[in-house]
Amino acid sequence: MIAIKYPDILLDSLENGHMIIDDKFIISYWNRWLAINTQIQKEEIIGKSLKEFYPEINYKVLYRKIRTALVIGTPTFYDTNSSTKFISMNRNKVTTSSLKLMQQQVTISPYILHENKVMVSIYDISELFEAKLLIKKEIVKVSRLNDKLEAEKEIIDKNIMMIKTSFDGIIIDVSTLFCQFFEFEKDFLLGKNISIFKSPDIPEATYKELWWSVKNKKSWSGELKNKTSGGVEKWVQTRVTPIMDENGELSEFSAVYHDITNEKLLAQLYITDPLTKLYNRARFDEVINFIVKHQRKADTDFILAIVDVDYFKSINDKYGHQVGDEALVSVANSLKNSLREDDLVARWGGEEFVIMLKNVTLDEAKMIMEKARESVQKNKINNNISVTASFGLTKYIIGEDTKETFKRVDDALYEAKNGGRNRVAVK
């Protein structure tokens, strides 16, 4: 066993896992949390290769993440999802949910650079996933309650957030709880169009899908954001049900709301990059995987772009990491402000960003990215430091493995950087 002094008392007291490994995956520290949750004691594992104990890890990706953290001197992230874990660990918490394995967020931070050592931190984010499961169960309960208590108007009025509209969206009834929640008087709402609750933050495609479903006599469920009369934003899980007349024709729509504001705020913490406030890589992966899985034409017609800040290491070396962080925030804002409402931008890791542009041609996408590139170059850090970025661009081909898409966009980015940087290249 390798004898190295580490702040054992501090790391062993933390409610998350910490190990220290080098770029050959040799373990030189294993804290108490890991020992408890893996049932592998530090005496058994320190000095040995992580591969001996967890051969299922993608070590090619892990090596690249370790090297990236050591080279740029900032943390990187090893991406996991609900079905693939970094280290498979059973949950110790007693729970009635189906979530038996621990959901993890993994951060790789530079530790001892001259020894090529990093600290791998594992955080248990099972609570978030379990909260989502509980929310789904609650929605089912609310729907069943709505069915059972339809005749009990007074009970529904006081305990269910409900709104009823005519076929053309005019509000004809609202429950007392709905009025209390959104802080409106019932008399004010009656006769108004339901569109007064429409939020500019919700994609137009969501509203189109909602109306297409109910007008085709199908129920619709989804998450919507509305504002109270005082301007406070509220998130609600919504189920809209079409109501037929005696001839089987659409007559009215009934919607039941369930407050999920706190859950959304919690979820936002886990899908947002803390520095740039953009979506993080895990969220982008979730979106693109969903699109590719369902293969809906309206979604699969997209352009993928990778953006890399030019000479970022030099910025850190010359001006310090605080200025480097300011540069990343500046680039993130430039990208976000250059995109359209339905476009998606996320921090990919380190100094890289990823963008999804929907329903555009490559030529149109290149024009948008040229605008973004100019915006990045125009903004000055501390009024005197210029930053530029290189852009790689490619079109997703319906049905292909996204690995091929990312390979093309990486090749395009390499072409942009190899061609002098601060340019947009297309593959």
# chains A, B, ... in the order shown; residues from 1 in each chain; ligands from 1
>>> select_by_dssp(residues="region 146-331 of chain A", states="alpha helix (DSSP H)", output="count of residues only")
81
>>> residues_around(residues="region 232-238 of chain A", least_positions_apart="5", cutoff="9 Å", atoms="only C-alpha atoms", output="PyMOL selection string")
chain A and resi 135+139+182+220-227+255-264
>>> write_last_selection(atoms="C-alpha atoms", output="compact mmCIF listing (two decimals), in the first residue's frame")
# COMPACT_ATOMS: atom_id res chain seq x y z
CA ILE A 135 -43.86 13.38 -8.69
CA ILE A 139 -49.72 13.00 -10.76
CA PHE A 182 -52.24 32.08 -8.95
CA TRP A 220 -52.20 15.88 -22.87
CA SER A 221 -49.79 15.87 -19.92
CA GLY A 222 -46.73 18.03 -19.49
CA GLU A 223 -44.95 20.72 -17.51
CA LEU A 224 -45.86 24.38 -17.94
CA LYS A 225 -44.59 27.59 -16.38
CA ASN A 226 -47.08 30.33 -15.46
CA LYS A 227 -46.99 33.54 -13.42
CA ALA A 255 -57.09 21.00 -16.99
CA VAL A 256 -55.78 19.83 -13.63
CA TYR A 257 -52.59 21.38 -12.23
CA HIS A 258 -50.13 20.10 -9.66
CA ASP A 259 -47.51 22.44 -8.18
CA ILE A 260 -43.96 21.24 -8.99
CA THR A 261 -42.17 24.55 -8.50
CA ASN A 262 -39.82 23.29 -5.78
CA GLU A 263 -39.01 20.12 -7.69
CA LYS A 264 -38.18 22.14 -10.82
>>> residues_around(residues="Asp401 (chain A)", least_positions_apart="4", cutoff="9 Å", atoms="only C-alpha atoms", output="PyMOL selection string")
chain A and resi 292+397+405
>>> write_last_selection(atoms="N, CA and C atoms", output="short mmCIF file (atom, residue, chain, number, x, y, z; two decimals), in the first residue's frame")
data_model
loop_
_atom_site.label_atom_id
_atom_site.label_comp_id
_atom_site.auth_asym_id
_atom_site.auth_seq_id
_atom_site.Cartn_x
_atom_site.Cartn_y
_atom_site.Cartn_z
N VAL A 292 -33.13 11.40 -30.58
CA VAL A 292 -32.68 10.30 -31.44
C VAL A 292 -33.51 9.04 -31.19
N ILE A 397 -27.84 13.31 -39.40
CA ILE A 397 -28.50 12.50 -40.41
C ILE A 397 -29.45 11.54 -39.71
N THR A 405 -22.20 11.59 -35.71
CA THR A 405 -22.45 13.04 -35.78
C THR A 405 -21.37 13.80 -35.03
#
>>> closest_residue(among="A:Asn58, A:Lys117, A:Ser254, A:Ala205", to="Ile172 (chain A)", atoms="only C-alpha atoms")
A:Ser254
>>> closest_residue(among="A:Lys215, A:Arg373, A:Lys65, A:Lys136", to="Val424 (chain A)", atoms="only C-alpha atoms")
A:Arg373
>>> atom_distance(atom1="CA of Leu250 (chain A)", atom2="CA of Lys217 (chain A)")
7.2 Å
>>> atom_distance(atom1="CA of Pro110 (chain A)", atom2="CA of Ala412 (chain A)")
29.0 Å
>>> select_by_dssp(residues="region 161-243 of chain A", states="strand (DSSP E)", output="list in words")
Met161, Met162, Ile163, Lys164, Thr165, Ser166, Ile171, Ile172, Asp173, Val174, Trp220, Ser221, Gly222, Glu223, Leu224, Lys225, Asn226, Lys227, Glu233, Lys234, Trp235, Val236, Gln237, Thr238, Arg239, Val240, Thr241, Pro242 and Ile243 of chain A
